[in-house]
>>> print(open('my_file-v1.cif').read())   # mmCIF, C-alpha atoms and all ligand atoms
data_coords
#
loop_
_atom_site.group_PDB
_atom_site.id
_atom_site.type_symbol
_atom_site.label_atom_id
_atom_site.label_comp_id
_atom_site.auth_asym_id
_atom_site.auth_seq_id
_atom_site.Cartn_x
_atom_site.Cartn_y
_atom_site.Cartn_z
ATOM 1 C CA MET R 1 32.459 -1.604 -62.922
ATOM 2 C CA LYS R 2 31.966 -0.750 -66.583
ATOM 3 C CA ILE R 3 33.368 -3.624 -68.635
ATOM 4 C CA LEU R 4 33.802 -3.962 -72.398
ATOM 5 C CA LEU R 5 33.120 -7.622 -73.294
ATOM 6 C CA VAL R 6 34.237 -8.612 -76.794
ATOM 7 C CA GLY R 7 32.576 -11.832 -77.965
ATOM 8 C CA ALA R 8 29.623 -11.337 -75.653
ATOM 9 C CA THR R 9 27.174 -13.505 -77.613
ATOM 10 C CA GLY R 10 29.326 -16.646 -77.779
ATOM 11 C CA THR R 11 29.269 -19.661 -75.484
ATOM 12 C CA VAL R 12 32.197 -18.386 -73.403
ATOM 13 C CA GLY R 13 31.021 -14.791 -73.751
ATOM 14 C CA ARG R 14 27.595 -15.587 -72.346
ATOM 15 C CA ALA R 15 29.236 -17.370 -69.421
ATOM 16 C CA ALA R 16 31.353 -14.299 -68.695
ATOM 17 C CA LYS R 17 28.454 -11.926 -69.176
ATOM 18 C CA ASP R 18 26.059 -13.846 -66.908
ATOM 19 C CA ALA R 19 28.621 -14.065 -64.112
ATOM 20 C CA LEU R 20 29.706 -10.431 -64.347
ATOM 21 C CA VAL R 21 26.132 -9.110 -64.546
ATOM 22 C CA ALA R 22 25.253 -11.195 -61.484
ATOM 23 C CA ARG R 23 28.033 -9.336 -59.666
ATOM 24 C CA GLY R 24 26.436 -6.001 -60.562
ATOM 25 C CA HIS R 25 28.793 -4.951 -63.340
ATOM 26 C CA GLU R 26 27.743 -2.936 -66.375
ATOM 27 C CA ILE R 27 28.552 -4.817 -69.572
ATOM 28 C CA VAL R 28 29.192 -3.205 -72.950
ATOM 29 C CA ALA R 29 28.533 -6.167 -75.231
ATOM 30 C CA ALA R 30 30.620 -6.114 -78.420
ATOM 31 C CA HIS R 31 31.038 -8.540 -81.320
ATOM 32 C CA ARG R 32 31.153 -8.399 -85.117
ATOM 33 C CA SER R 33 27.394 -8.408 -85.720
ATOM 34 C CA SER R 34 26.460 -6.215 -82.759
ATOM 35 C CA PRO R 35 24.115 -3.401 -83.813
ATOM 36 C CA ASP R 36 25.406 -1.149 -81.009
ATOM 37 C CA TYR R 37 29.097 -2.028 -80.507
ATOM 38 C CA PRO R 38 30.379 -3.799 -83.628
ATOM 39 C CA VAL R 39 34.019 -4.863 -83.511
ATOM 40 C CA ASP R 40 36.177 -7.231 -85.518
ATOM 41 C CA LEU R 41 39.344 -8.359 -83.763
ATOM 42 C CA THR R 42 41.076 -8.682 -87.127
ATOM 43 C CA ASP R 43 40.519 -4.964 -87.849
ATOM 44 C CA PRO R 44 42.577 -2.610 -85.629
ATOM 45 C CA GLY R 45 40.450 0.347 -86.732
ATOM 46 C CA SER R 46 37.279 -1.284 -85.446
ATOM 47 C CA ILE R 47 39.025 -2.121 -82.153
ATOM 48 C CA GLN R 48 39.949 1.540 -81.745
ATOM 49 C CA ASP R 49 36.416 2.583 -82.636
ATOM 50 C CA VAL R 50 34.724 0.346 -80.061
ATOM 51 C CA LEU R 51 37.172 1.450 -77.360
ATOM 52 C CA ASP R 52 36.521 5.109 -78.182
ATOM 53 C CA ARG R 53 32.767 4.588 -78.054
ATOM 54 C CA ALA R 54 32.673 2.361 -74.971
ATOM 55 C CA GLY R 55 35.253 4.151 -72.812
ATOM 56 C CA PRO R 56 36.135 5.212 -70.213
ATOM 57 C CA LEU R 57 36.230 1.680 -68.822
ATOM 58 C CA ASP R 58 37.209 -0.192 -65.679
ATOM 59 C CA ALA R 59 37.989 -3.438 -67.491
ATOM 60 C CA VAL R 60 38.132 -5.164 -70.860
ATOM 61 C CA VAL R 61 37.270 -8.858 -71.217
ATOM 62 C CA CYS R 62 37.734 -10.764 -74.468
ATOM 63 C CA THR R 63 36.033 -14.080 -75.237
ATOM 64 C CA ALA R 64 36.513 -13.945 -79.024
ATOM 65 C CA GLY R 65 39.123 -14.995 -81.533
ATOM 66 C CA THR R 66 39.210 -17.875 -83.956
ATOM 67 C CA THR R 67 41.854 -20.311 -85.140
ATOM 68 C CA PRO R 68 41.629 -22.778 -88.021
ATOM 69 C CA TYR R 69 41.462 -26.501 -87.232
ATOM 70 C CA ALA R 70 42.856 -28.911 -89.843
ATOM 71 C CA PRO R 71 45.313 -31.799 -90.130
ATOM 72 C CA TRP R 72 48.907 -30.686 -89.654
ATOM 73 C CA ASP R 73 49.829 -30.964 -93.375
ATOM 74 C CA GLU R 74 46.882 -28.819 -94.411
ATOM 75 C CA LEU R 75 47.672 -25.887 -92.139
ATOM 76 C CA ASP R 76 49.486 -23.734 -94.681
ATOM 77 C CA ARG R 77 50.854 -20.211 -94.246
ATOM 78 C CA GLU R 78 47.484 -18.670 -94.994
ATOM 79 C CA ALA R 79 45.814 -20.734 -92.277
ATOM 80 C CA TRP R 80 48.540 -19.769 -89.826
ATOM 81 C CA LEU R 81 48.139 -16.086 -90.623
ATOM 82 C CA THR R 82 44.389 -16.374 -90.075
ATOM 83 C CA GLY R 83 44.834 -17.759 -86.573
ATOM 84 C CA LEU R 84 47.631 -15.396 -85.640
ATOM 85 C CA ASN R 85 45.725 -12.386 -86.926
ATOM 86 C CA SER R 86 42.462 -13.156 -85.122
ATOM 87 C CA LYS R 87 42.913 -14.735 -81.706
ATOM 88 C CA LEU R 88 46.540 -13.715 -81.032
ATOM 89 C CA LEU R 89 47.080 -10.295 -82.597
ATOM 90 C CA GLY R 90 43.426 -9.324 -82.199
ATOM 91 C CA GLN R 91 43.569 -9.752 -78.433
ATOM 92 C CA VAL R 92 47.034 -8.207 -78.168
ATOM 93 C CA GLU R 93 45.773 -5.179 -80.099
ATOM 94 C CA LEU R 94 42.670 -4.948 -77.911
ATOM 95 C CA VAL R 95 44.839 -4.759 -74.786
ATOM 96 C CA ARG R 96 47.519 -2.569 -76.374
ATOM 97 C CA ARG R 97 45.010 0.042 -77.515
ATOM 98 C CA GLY R 98 42.770 -0.575 -74.512
ATOM 99 C CA THR R 99 45.235 0.909 -72.041
ATOM 100 C CA ALA R 100 44.158 4.375 -73.227
ATOM 101 C CA ALA R 101 40.498 3.592 -72.517
ATOM 102 C CA VAL R 102 40.814 1.753 -69.184
ATOM 103 C CA ARG R 103 41.444 3.638 -65.954
ATOM 104 C CA THR R 104 44.724 3.138 -64.162
ATOM 105 C CA GLY R 105 44.348 0.114 -61.901
ATOM 106 C CA GLY R 106 41.859 -1.517 -64.267
ATOM 107 C CA SER R 107 42.149 -4.956 -65.772
ATOM 108 C CA PHE R 108 42.278 -6.935 -68.997
ATOM 109 C CA THR R 109 41.249 -10.575 -69.387
ATOM 110 C CA VAL R 110 41.914 -12.576 -72.551
ATOM 111 C CA ILE R 111 40.727 -16.027 -73.622
ATOM 112 C CA THR R 112 43.124 -18.896 -74.394
ATOM 113 C CA GLY R 113 42.279 -22.599 -73.886
ATOM 114 C CA ILE R 114 43.350 -26.116 -73.003
ATOM 115 C CA LEU R 115 45.268 -26.597 -76.263
ATOM 116 C CA ALA R 116 48.081 -24.513 -74.799
ATOM 117 C CA ARG R 117 48.911 -27.533 -72.620
ATOM 118 C CA GLU R 118 47.174 -30.615 -74.088
ATOM 119 C CA PRO R 119 47.342 -31.491 -77.802
ATOM 120 C CA ILE R 120 44.565 -32.714 -80.080
ATOM 121 C CA ARG R 121 44.627 -33.714 -83.746
ATOM 122 C CA THR R 122 44.045 -30.682 -86.030
ATOM 123 C CA GLY R 123 44.860 -28.247 -83.209
ATOM 124 C CA SER R 124 48.448 -27.173 -83.876
ATOM 125 C CA VAL R 125 47.646 -23.561 -84.817
ATOM 126 C CA ALA R 126 45.262 -23.201 -81.877
ATOM 127 C CA ALA R 127 47.892 -24.687 -79.557
ATOM 128 C CA ALA R 128 50.544 -22.245 -80.755
ATOM 129 C CA VAL R 129 48.202 -19.260 -80.490
ATOM 130 C CA ASN R 130 47.000 -20.181 -76.992
ATOM 131 C CA GLY R 131 50.547 -20.852 -75.836
ATOM 132 C CA ALA R 132 51.804 -17.584 -77.255
ATOM 133 C CA LEU R 133 49.002 -15.660 -75.584
ATOM 134 C CA GLU R 134 49.701 -17.246 -72.212
ATOM 135 C CA ALA R 135 53.417 -16.449 -72.444
ATOM 136 C CA TRP R 136 52.540 -12.902 -73.484
ATOM 137 C CA VAL R 137 50.191 -12.466 -70.512
ATOM 138 C CA VAL R 138 52.892 -13.509 -68.050
ATOM 139 C CA ALA R 139 55.512 -11.300 -69.695
ATOM 140 C CA SER R 140 53.229 -8.293 -70.112
ATOM 141 C CA ALA R 141 51.835 -8.346 -66.580
ATOM 142 C CA GLY R 142 55.280 -7.479 -65.281
ATOM 143 C CA GLU R 143 55.635 -4.464 -67.549
ATOM 144 C CA LEU R 144 52.088 -3.331 -66.762
ATOM 145 C CA TRP R 145 52.639 -3.779 -63.026
ATOM 146 C CA GLY R 146 51.037 -1.027 -60.969
ATOM 147 C CA ARG R 147 49.141 0.349 -63.966
ATOM 148 C CA TYR R 148 46.931 -2.474 -65.285
ATOM 149 C CA ARG R 149 46.267 -6.102 -64.416
ATOM 150 C CA LEU R 150 46.283 -8.758 -67.170
ATOM 151 C CA ASN R 151 45.120 -12.382 -66.892
ATOM 152 C CA ALA R 152 43.986 -15.209 -69.180
ATOM 153 C CA VAL R 153 41.113 -17.655 -68.782
ATOM 154 C CA SER R 154 42.205 -21.017 -70.194
ATOM 155 C CA PRO R 155 39.325 -23.510 -70.091
ATOM 156 C CA THR R 156 38.907 -27.060 -71.271
ATOM 157 C CA VAL R 157 35.870 -27.701 -73.468
ATOM 158 C CA LEU R 158 32.754 -26.169 -71.958
ATOM 159 C CA THR R 159 29.974 -28.612 -71.110
ATOM 160 C CA GLU R 160 27.712 -26.426 -73.241
ATOM 161 C CA SER R 161 30.053 -26.925 -76.245
ATOM 162 C CA LYS R 162 30.597 -30.655 -75.735
ATOM 163 C CA ASP R 163 28.426 -31.800 -78.650
ATOM 164 C CA LYS R 164 30.093 -29.350 -81.038
ATOM 165 C CA TYR R 165 33.604 -30.547 -80.143
ATOM 166 C CA ALA R 166 32.892 -34.209 -79.304
ATOM 167 C CA ASP R 167 34.972 -35.609 -82.178
ATOM 168 C CA ALA R 168 37.951 -33.282 -81.678
ATOM 169 C CA PHE R 169 38.103 -33.805 -77.884
ATOM 170 C CA PRO R 170 37.190 -37.471 -77.358
ATOM 171 C CA GLY R 171 36.855 -38.323 -73.691
ATOM 172 C CA TYR R 172 38.066 -34.957 -72.455
ATOM 173 C CA PRO R 173 36.593 -33.677 -69.202
ATOM 174 C CA THR R 174 34.432 -30.590 -69.617
ATOM 175 C CA VAL R 175 33.844 -27.544 -67.443
ATOM 176 C CA ASP R 176 30.467 -25.907 -66.871
ATOM 177 C CA ALA R 177 29.914 -22.393 -68.216
ATOM 178 C CA ALA R 178 29.062 -21.226 -64.712
ATOM 179 C CA VAL R 179 32.544 -22.219 -63.501
ATOM 180 C CA VAL R 180 34.176 -20.464 -66.458
ATOM 181 C CA GLY R 181 32.147 -17.349 -65.699
ATOM 182 C CA GLN R 182 33.599 -17.236 -62.197
ATOM 183 C CA ALA R 183 37.148 -17.183 -63.596
ATOM 184 C CA PHE R 184 36.265 -13.930 -65.370
ATOM 185 C CA VAL R 185 34.819 -12.526 -62.129
ATOM 186 C CA ARG R 186 38.042 -13.462 -60.346
ATOM 187 C CA SER R 187 40.200 -11.837 -62.991
ATOM 188 C CA VAL R 188 38.150 -8.615 -62.966
ATOM 189 C CA GLU R 189 37.614 -8.239 -59.215
ATOM 190 C CA SER R 190 40.723 -9.717 -57.602
ATOM 191 C CA MET R 191 44.162 -8.110 -57.220
ATOM 192 C CA GLU R 192 45.790 -10.878 -59.305
ATOM 193 C CA THR R 193 47.822 -10.250 -62.449
ATOM 194 C CA GLY R 194 49.835 -12.444 -64.808
ATOM 195 C CA GLN R 195 47.598 -15.384 -63.967
ATOM 196 C CA ILE R 196 46.477 -18.159 -66.299
ATOM 197 C CA TYR R 197 43.233 -19.605 -64.929
ATOM 198 C CA ARG R 198 43.418 -23.228 -66.103
ATOM 199 C CA ILE R 199 39.954 -24.683 -65.565
HETATM 200 N N1 LIG J 201 33.553 -23.156 -76.266
HETATM 201 C C1 LIG J 201 34.535 -23.827 -75.666
HETATM 202 O O1 LIG J 201 34.367 -24.993 -75.188
HETATM 203 C C2 LIG J 201 35.899 -23.188 -75.474
HETATM 204 C C3 LIG J 201 36.842 -23.787 -74.614
HETATM 205 C C4 LIG J 201 38.089 -23.200 -74.466
HETATM 206 C C5 LIG J 201 38.398 -22.027 -75.157
HETATM 207 N N2 LIG J 201 37.466 -21.475 -76.002
HETATM 208 C C6 LIG J 201 37.821 -20.249 -76.734
HETATM 209 O O2 LIG J 201 36.888 -19.245 -76.436
HETATM 210 C C7 LIG J 201 36.744 -18.381 -77.563
HETATM 211 C C8 LIG J 201 35.255 -18.262 -77.870
HETATM 212 O O3 LIG J 201 34.743 -19.560 -78.115
HETATM 213 P P1 LIG J 201 33.154 -19.800 -78.157
HETATM 214 O O4 LIG J 201 32.949 -21.273 -78.180
HETATM 215 O O5 LIG J 201 32.481 -18.991 -77.125
HETATM 216 O O6 LIG J 201 32.827 -19.219 -79.621
HETATM 217 P P2 LIG J 201 31.411 -18.814 -80.210
HETATM 218 O O7 LIG J 201 30.306 -19.428 -79.431
HETATM 219 O O8 LIG J 201 31.503 -19.078 -81.670
HETATM 220 O O9 LIG J 201 31.322 -17.220 -79.965
HETATM 221 C C9 LIG J 201 32.278 -16.344 -80.501
HETATM 222 C C10 LIG J 201 31.919 -14.917 -80.077
HETATM 223 O O10 LIG J 201 32.931 -14.042 -80.554
HETATM 224 C C11 LIG J 201 32.394 -13.180 -81.566
HETATM 225 N N3 LIG J 201 33.443 -13.109 -82.598
HETATM 226 C C12 LIG J 201 33.867 -14.085 -83.428
HETATM 227 N N4 LIG J 201 34.872 -13.645 -84.187
HETATM 228 C C13 LIG J 201 35.080 -12.348 -83.825
HETATM 229 C C14 LIG J 201 35.983 -11.353 -84.260
HETATM 230 N N5 LIG J 201 36.876 -11.565 -85.244
HETATM 231 N N6 LIG J 201 35.934 -10.134 -83.681
HETATM 232 C C15 LIG J 201 35.049 -9.878 -82.696
HETATM 233 N N7 LIG J 201 34.169 -10.788 -82.232
HETATM 234 C C16 LIG J 201 34.181 -12.007 -82.812
HETATM 235 C C17 LIG J 201 31.067 -13.817 -81.997
HETATM 236 O O11 LIG J 201 30.082 -12.885 -82.433
HETATM 237 P P3 LIG J 201 30.058 -12.393 -83.974
HETATM 238 O O12 LIG J 201 29.981 -13.616 -84.824
HETATM 239 O O13 LIG J 201 28.856 -11.495 -84.064
HETATM 240 O O14 LIG J 201 31.318 -11.648 -84.143
HETATM 241 C C18 LIG J 201 30.622 -14.397 -80.656
HETATM 242 O O15 LIG J 201 30.104 -13.380 -79.820
HETATM 243 C C19 LIG J 201 37.587 -19.003 -78.705
HETATM 244 O O16 LIG J 201 38.818 -18.362 -78.790
HETATM 245 C C20 LIG J 201 37.763 -20.437 -78.239
HETATM 246 O O17 LIG J 201 38.966 -21.017 -78.713
HETATM 247 C C21 LIG J 201 36.230 -22.025 -76.167
#
>>> encode(input="my_file-v1.cif", output="structure tokens")
Amino acid sequence: MKILLVGATGTVGRAAKDALVARGHEIVAAHRSSPDYPVDLTDPGSIQDVLDRAGPLDAVVCTAGTTPYAPWDELDREAWLTGLNSKLLGQVELVRRGTAAVRTGGSFTVITGILAREPIRTGSVAAAVNGALEAWVVASAGELWGRYRLNAVSPTVLTESKDKYADAFPGYPTVDAAVVGQAFVRSVESMETGQIYRI
């Protein structure tokens, strides 16, 4: 399958890319600083541009989107808008516009994360964004039924990111990138839709 992967150079993106390539899929690797397929999730025009250039597609996978982390009192309206605009609206826009570039019967996979279900200090915006995305996936899959499949991969901290997030996630179990990669394979190749892969 030909798959647009947004966020392909990140820790989660590399996990998805390695697993999907190993299954024989063709990956169009996109991210902000890509020389070939630049895209910024916060810019709807650039999302449209990468879809136009990459399509027609069998699937779109997103492993990008940022949210600010700060103590609850410091997360002001501007911080909220940053998180909503990038990880939430960016991925929604990618799927919304992506339906014109993906063949009927194709799939979309978005990235959420453990904060949708388990809280950490400084993570209230990320928790809200992940939770909203997961509710949106479940709701949207019904309306897209028979046309497109839509799932979310919702991992705990990756083993490969453990050092980076050690202070924010003290004592949390981690999941290996290879396991996370298989969740993307499952989303792309299975018949499932409306699923949240909590790993
Ligand atoms: N790592 C973990 O342990 C973990 C666990 C659970 C969930 N997650 C979630 O997974 C996602 C990726 O995390 P990560 O650790 O893989 O991050 P990362 O290593 O920093 O990689 C982010 C990737 O996304 C691209 N990117 C960043 N902002 C973008 C934007 N606005 N538009 C398009 N591409 C953008 C980056 O490339 P450019 O800089 O070139 O754009 C890069 O390819 C995040 O939403 C995170 O919350 C991560």
>>> closest_atom_pairs(input="my_file-v1.cif", of="stretch 57-130 of chain R", to="stretch 24-46 of chain R", cutoff="9 Å", atoms="only C-alpha atoms", output="tab-separated table")
residue	atom	partner	partner_atom	distance
R:Ala64	CA	R:Leu41	CA	7.9
R:Gly65	CA	R:Leu41	CA	7.0
R:Thr82	CA	R:Thr42	CA	8.9
R:Asn85	CA	R:Thr42	CA	5.9
R:Ser86	CA	R:Thr42	CA	5.1
R:Lys87	CA	R:Leu41	CA	7.6
R:Leu89	CA	R:Thr42	CA	7.7
R:Gly90	CA	R:Leu41	CA	4.5
R:Gln91	CA	R:Leu41	CA	6.9
R:Glu93	CA	R:Pro44	CA	6.9
R:Leu94	CA	R:Leu41	CA	7.5
R:Arg97	CA	R:Pro44	CA	8.9
>>> residues_around(input="my_file-v1.cif", residues="R:Arg121", least_positions_apart="6", cutoff="10 Å", atoms="all atoms listed in the file", output="list in words")
Tyr69, Ala70, Pro71, Trp72, Asp167, Ala168 and Phe169 of chain R
>>> atom_distance(input="my_file-v1.cif", atom1="atom O15 of ligand LIG 201 (chain J)", atom2="atom CA of R:Val6")
7.0 Å
>>> resolve_selection(input="my_file-v1.cif", expression="the PyMOL selection byres (((chain R and resi 131) around 10) and not hetatm)", output="list in words")
Leu88, Thr112, Gly113, Ile114, Leu115, Ala116, Arg117, Val125, Ala126, Ala127, Ala128, Val129, Asn130, Ala132, Leu133, Glu134, Ala135, Trp136 and Val137 of chain R
>>> closest_residue(input="my_file-v1.cif", among="R:Ile199, R:Val175, R:Leu158, R:Ile120", to="ligand LIG 201 (chain J)", atoms="all atoms listed in the file")
R:Leu158
>>> resolve_selection(input="my_file-v1.cif", expression="the PyMOL selection byres (((chain R and resi 145) around 12) and not hetatm)", output="JSON, numbers by chain")
{"R": [104, 105, 106, 107, 137, 138, 139, 140, 141, 142, 143, 144, 146, 147, 148, 149, 150, 191, 192, 193, 194]}
>>> build_atoms(input="my_file-v1.cif", residues="stretch 7-23 of chain R", atoms="N, CA, C and O atoms", output="short mmCIF file (atom, residue, chain, number, x, y, z; two decimals), keeping the file's coordinate frame")
data_model
loop_
_atom_site.label_atom_id
_atom_site.label_comp_id
_atom_site.auth_asym_id
_atom_site.auth_seq_id
_atom_site.Cartn_x
_atom_site.Cartn_y
_atom_site.Cartn_z
N GLY R 7 32.97 -10.42 -77.80
CA GLY R 7 32.58 -11.83 -77.96
C GLY R 7 31.41 -12.19 -77.06
O GLY R 7 31.21 -13.36 -76.72
N ALA R 8 30.63 -11.18 -76.71
CA ALA R 8 29.62 -11.34 -75.65
C ALA R 8 28.52 -12.33 -75.97
O ALA R 8 27.87 -12.84 -75.06
N THR R 9 28.29 -12.63 -77.27
CA THR R 9 27.17 -13.50 -77.61
C THR R 9 27.59 -14.97 -77.77
O THR R 9 26.74 -15.81 -78.05
N GLY R 10 28.86 -15.27 -77.61
CA GLY R 10 29.33 -16.65 -77.78
C GLY R 10 29.09 -17.49 -76.53
O GLY R 10 28.58 -17.00 -75.52
N THR R 11 29.46 -18.75 -76.62
CA THR R 11 29.27 -19.66 -75.48
C THR R 11 30.09 -19.19 -74.28
O THR R 11 29.58 -19.11 -73.15
N VAL R 12 31.35 -18.87 -74.50
CA VAL R 12 32.20 -18.39 -73.40
C VAL R 12 31.78 -16.97 -73.02
O VAL R 12 31.73 -16.62 -71.83
N GLY R 13 31.44 -16.17 -74.02
CA GLY R 13 31.02 -14.79 -73.75
C GLY R 13 29.77 -14.71 -72.89
O GLY R 13 29.68 -13.89 -71.98
N ARG R 14 28.82 -15.58 -73.17
CA ARG R 14 27.60 -15.59 -72.35
C ARG R 14 27.92 -16.02 -70.92
O ARG R 14 27.33 -15.50 -69.96
N ALA R 15 28.83 -16.94 -70.77
CA ALA R 15 29.24 -17.37 -69.42
C ALA R 15 29.85 -16.21 -68.66
O ALA R 15 29.53 -15.97 -67.47
N ALA R 16 30.72 -15.46 -69.34
CA ALA R 16 31.35 -14.30 -68.69
C ALA R 16 30.31 -13.23 -68.38
O ALA R 16 30.29 -12.67 -67.27
N LYS R 17 29.45 -12.98 -69.35
CA LYS R 17 28.45 -11.93 -69.18
C LYS R 17 27.51 -12.25 -68.01
O LYS R 17 27.26 -11.40 -67.14
N ASP R 18 26.99 -13.47 -67.98
CA ASP R 18 26.06 -13.85 -66.91
C ASP R 18 26.70 -13.68 -65.53
O ASP R 18 26.08 -13.16 -64.60
N ALA R 19 27.95 -14.13 -65.42
CA ALA R 19 28.62 -14.06 -64.11
C ALA R 19 28.93 -12.62 -63.71
O ALA R 19 28.78 -12.25 -62.54
N LEU R 20 29.35 -11.81 -64.66
CA LEU R 20 29.71 -10.43 -64.35
C LEU R 20 28.46 -9.59 -64.06
O LEU R 20 28.48 -8.75 -63.15
N VAL R 21 27.39 -9.82 -64.81
CA VAL R 21 26.13 -9.11 -64.55
C VAL R 21 25.61 -9.48 -63.16
O VAL R 21 25.13 -8.62 -62.41
N ALA R 22 25.72 -10.75 -62.81
CA ALA R 22 25.25 -11.20 -61.48
C ALA R 22 26.02 -10.51 -60.35
O ALA R 22 25.51 -10.39 -59.23
N ARG R 23 27.22 -10.06 -60.66
CA ARG R 23 28.03 -9.34 -59.67
C ARG R 23 27.77 -7.83 -59.71
O ARG R 23 28.44 -7.06 -59.04
#
